[in-house]
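Peer 1: Please read through the structure below; I'll follow up with questions.
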Amino acid sequence: MKLKLDKTNYTIAKFRPDFPVPTWFQTDHSQFKSITYTAEECSIIMPTESLDTAESDWFLLKIEGILDFSLTGILHKIATPLAEKEISIFAVSTYNTDYILMKQANLDLAITTLTTAGHQITE
């Protein structure tokens with residue numbers, strides 16, 4: 001599988017479920033940012049330079065290409081070798097593809113693990 005590496009430091013933040021979409025989120029033009037609302041929370045992922053909280057220091061891998069909804073096991077093929085090395089992931093899916101965030105401290109091990117598992121990683 002082809003993966004694109006983004007070494008930007010990302011922050012994952014949790015807010016109350018009625019948190020309004022912030023102006024700074026709307027005006028930030030980062031390569032990747034995400035906002036998700038549920039009945040229990042509002043989760044925001046952005047570069048740490050734009051949103052600095054306690055849950056920072058994540059890097060991002062993007063699965064290259066547009067994934068058809070009928071495909072199965074995509075995250076499994078990435079998560080399994082990482083889990084075997086005890087590397088925790090935070091996955092986010094969009095209409096087109098999936099993104100996997102991992103702690104910066106695991107960057108080298110994650111890259112080695114995924115390339116050994118047969119994945120191609122580019123920056």
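Here, A, B, ... name the chains of the structure tokens in the order displayed, residue numbers run from 1 inside each chain, and ligands are numbered from 1 in the same displayed order.
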Set the distance at 10 Å and use only C-alpha atoms: which residues neighbour Ala39 of chain A once local chain neighbours fewer than 2 positions away are removed? I'd like the list as number ranges by chain.

Peer 2: A: 16-18, 37, 41-42

Peer 1: Those same residues, written as a PDB file, in the first residue's frame with C-alpha atoms?

Peer 2:
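The new file out-v3.pdb reads:
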ATOM      1  CA  ARG A  16     -17.628  19.734  24.800  1.00  0.00           C
ATOM      2  CA  PRO A  17     -20.254  18.581  22.260  1.00  0.00           C
ATOM      3  CA  ASP A  18     -21.787  22.054  21.865  1.00  0.00           C
ATOM      4  CA  TYR A  37     -18.984  16.092  16.456  1.00  0.00           C
ATOM      5  CA  GLU A  41     -17.744  15.453  22.262  1.00  0.00           C
ATOM      6  CA  CYS A  42     -16.177  17.607  19.612  1.00  0.00           C
TER       7      CYS A  42
END

Peer 1: Which polymer residues have any atom within 10 Å of an atom of Ile66 of chain A, counting only C-alpha atoms, with same-chain residues fewer than 3 positions away left out, as a list in words?

Peer 2: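 What passes the distance filter is Ile63, Phe69, Thr94, Tyr95, Asn96, Thr97 and Asp98 of chain A.
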
Peer 1: Select, from A:Lys103, A:Thr36, A:Phe25, A:Leu82, the residue with the minimum atom-to-atom distance to Tyr10 of chain A, counting only C-alpha atoms.

Peer 2: A:Lys103

Peer 1: Segment 113-115 of chain A: which residues within 12 Å, counting only C-alpha atoms, same-chain residues fewer than 6 positions away excluded, as a PyMOL selection string?

Peer 2: chain A and resi 1-5+61+77-87+106-107+121-122

Peer 1: Need to verify the contact set: Asn9 of chain A, 7 Å, only C-alpha atoms, exclusion of same-chain residues closer than 4 positions in sequence. Can you return it as a list in words?

Peer 2: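 Contacts, in chain order: Pro47, Thr48, Ser56, Asp57, Trp58 and Phe59 of chain A.
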
Peer 1: Once you have the residues from the selection above, write them out as a compact mmCIF listing (two decimals), in the first residue's frame, restricted to N, CA and C atoms.

Peer 2:
# COMPACT_ATOMS: atom_id res chain seq x y z
N PRO A 47 -2.58 21.02 13.03
CA PRO A 47 -1.17 21.19 13.37
C PRO A 47 -1.02 21.88 14.72
N THR A 48 -0.04 21.44 15.49
CA THR A 48 0.16 21.97 16.83
C THR A 48 0.39 23.48 16.82
N SER A 56 -0.45 16.73 22.00
CA SER A 56 0.27 17.11 20.78
C SER A 56 1.33 16.05 20.47
N ASP A 57 2.13 16.35 19.45
CA ASP A 57 3.25 15.48 19.04
C ASP A 57 2.79 14.21 18.33
N TRP A 58 1.86 14.36 17.40
CA TRP A 58 1.43 13.27 16.53
C TRP A 58 1.93 13.55 15.12
N PHE A 59 2.27 12.51 14.36
CA PHE A 59 2.55 12.66 12.93
C PHE A 59 1.46 11.92 12.16

Peer 1: Between atom CA of Tyr99 of chain A and atom CA of His76 of chain A, measure the distance and give it in Å to one decimal.

Peer 2: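 Spanning atom CA of Tyr99 of chain A to atom CA of His76 of chain A is a straight-line distance of 12.8 Å.
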
Peer 1: Closest to Ser93 of chain A among A:Met46, A:Leu109, A:Leu75, A:Ala13, using only C-alpha atoms?

Peer 2: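 Among A:Met46, A:Leu109, A:Leu75, A:Ala13, it is A:Leu75 that comes nearest to Ser93 of chain A.
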
Peer 1: Just the helix (DSSP H, G or I) stuff from chain A, please, per backbone DSSP, written as a ChimeraX atom specification.

Peer 2: /A:23-27,74-84,104-116

Peer 1: The selected residues should be written to file as a compact mmCIF listing (two decimals), in the first residue's frame (atoms: C-alpha atoms).

Peer 2:
# COMPACT_ATOMS: atom_id res chain seq x y z
CA THR A 23 -13.14 30.83 13.45
CA TRP A 24 -9.50 29.78 13.65
CA PHE A 25 -10.47 26.31 12.37
CA GLN A 26 -12.34 27.80 9.44
CA THR A 27 -9.50 30.14 8.45
CA ILE A 74 -7.30 -1.47 4.61
CA LEU A 75 -6.73 -0.27 8.19
CA HIS A 76 -6.12 -3.85 9.33
CA LYS A 77 -3.12 -4.13 6.97
CA ILE A 78 -1.58 -1.07 8.59
CA ALA A 79 -2.75 -1.44 12.18
CA THR A 80 -1.73 -5.08 12.64
CA PRO A 81 2.04 -4.74 12.14
CA LEU A 82 1.98 -1.55 14.24
CA ALA A 83 0.06 -3.27 17.04
CA GLU A 84 2.60 -6.10 17.01
CA GLN A 104 6.21 11.39 17.02
CA ALA A 105 8.26 9.25 19.42
CA ASN A 106 7.25 6.20 17.33
CA LEU A 107 8.09 7.73 13.93
CA ASP A 108 11.23 5.72 13.12
CA LEU A 109 9.86 2.42 14.42
CA ALA A 110 6.55 2.93 12.60
CA ILE A 111 8.29 3.64 9.29
CA THR A 112 10.57 0.60 9.68
CA THR A 113 7.64 -1.61 10.70
CA LEU A 114 5.42 -0.55 7.81
CA THR A 115 8.13 -0.77 5.15
CA THR A 116 9.10 -4.22 6.44

Peer 1: Would you return as a VMD selection string the members of chain A that DSSP assigns to strand (DSSP E or B) on this structure's backbone?

Peer 2: chain A and resid 2 to 15 34 to 37 42 to 47 58 to 63 90 to 93 98 to 103 120 to 122

Peer 1: Since we have the selection now, will you write its residues out, keeping C-alpha atoms, as a PDB file, in the first residue's frame?

Peer 2:
ATOM      1  CA  LYS A   2       1.257   3.505  -0.743  1.00  0.00           C
ATOM      2  CA  LEU A   3       1.381   5.861   2.225  1.00  0.00           C
ATOM      3  CA  LYS A   4       2.312   9.533   2.343  1.00  0.00           C
ATOM      4  CA  LEU A   5       4.202  10.707   5.429  1.00  0.00           C
ATOM      5  CA  ASP A   6       3.473  14.096   6.970  1.00  0.00           C
ATOM      6  CA  LYS A   7       5.948  14.823   9.811  1.00  0.00           C
ATOM      7  CA  THR A   8       4.065  17.942  10.908  1.00  0.00           C
ATOM      8  CA  ASN A   9       3.361  17.962  14.645  1.00  0.00           C
ATOM      9  CA  TYR A  10      -0.396  17.507  15.082  1.00  0.00           C
ATOM     10  CA  THR A  11      -2.584  18.014  18.134  1.00  0.00           C
ATOM     11  CA  ILE A  12      -5.722  16.044  18.941  1.00  0.00           C
ATOM     12  CA  ALA A  13      -8.081  18.002  21.170  1.00  0.00           C
ATOM     13  CA  LYS A  14     -11.400  17.229  22.807  1.00  0.00           C
ATOM     14  CA  PHE A  15     -14.079  19.844  23.504  1.00  0.00           C
ATOM     15  CA  SER A  34     -10.395  17.454  11.055  1.00  0.00           C
ATOM     16  CA  ILE A  35     -13.385  18.262  13.204  1.00  0.00           C
ATOM     17  CA  THR A  36     -15.886  15.636  14.355  1.00  0.00           C
ATOM     18  CA  TYR A  37     -18.984  16.092  16.456  1.00  0.00           C
ATOM     19  CA  CYS A  42     -16.177  17.607  19.612  1.00  0.00           C
ATOM     20  CA  SER A  43     -12.773  16.342  18.453  1.00  0.00           C
ATOM     21  CA  ILE A  44     -10.392  18.579  16.538  1.00  0.00           C
ATOM     22  CA  ILE A  45      -7.123  17.588  14.864  1.00  0.00           C
ATOM     23  CA  MET A  46      -4.846  20.358  13.600  1.00  0.00           C
ATOM     24  CA  PRO A  47      -1.166  21.194  13.368  1.00  0.00           C
ATOM     25  CA  TRP A  58       1.435  13.267  16.535  1.00  0.00           C
ATOM     26  CA  PHE A  59       2.551  12.664  12.933  1.00  0.00           C
ATOM     27  CA  LEU A  60       0.325  11.627  10.050  1.00  0.00           C
ATOM     28  CA  LEU A  61       0.257   8.929   7.378  1.00  0.00           C
ATOM     29  CA  LYS A  62      -2.213   9.278   4.526  1.00  0.00           C
ATOM     30  CA  ILE A  63      -3.242   6.263   2.462  1.00  0.00           C
ATOM     31  CA  PHE A  90      -5.515   7.227  15.937  1.00  0.00           C
ATOM     32  CA  ALA A  91      -7.364   6.632  12.657  1.00  0.00           C
ATOM     33  CA  VAL A  92      -9.531   9.140  10.794  1.00  0.00           C
ATOM     34  CA  SER A  93     -11.508   8.294   7.686  1.00  0.00           C
ATOM     35  CA  ASP A  98      -7.930   7.053   5.607  1.00  0.00           C
ATOM     36  CA  TYR A  99      -5.402   8.865   7.773  1.00  0.00           C
ATOM     37  CA  ILE A 100      -3.411   7.327  10.606  1.00  0.00           C
ATOM     38  CA  LEU A 101      -1.864   9.443  13.347  1.00  0.00           C
ATOM     39  CA  MET A 102       0.868   8.128  15.635  1.00  0.00           C
ATOM     40  CA  LYS A 103       3.025   9.706  18.303  1.00  0.00           C
ATOM     41  CA  GLN A 120       5.678   2.117   0.399  1.00  0.00           C
ATOM     42  CA  ILE A 121       6.125   5.397   2.243  1.00  0.00           C
ATOM     43  CA  THR A 122       6.893   8.735   0.605  1.00  0.00           C
TER      44      THR A 122
END

Peer 1: Grab the atom CA of Thr53 of chain A to atom CA of Val21 of chain A distance for me, in Å with one decimal place.

Peer 2: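 Interatomic distance, atom CA of Thr53 of chain A to atom CA of Val21 of chain A: 17.0 Å.
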
Peer 1: May I ask for the distance between atom CA of Gln31 of chain A and atom CA of Gly65 of chain A, given in Å to one decimal place?

Peer 2: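 Here the two named atoms are 15.7 Å from each other.
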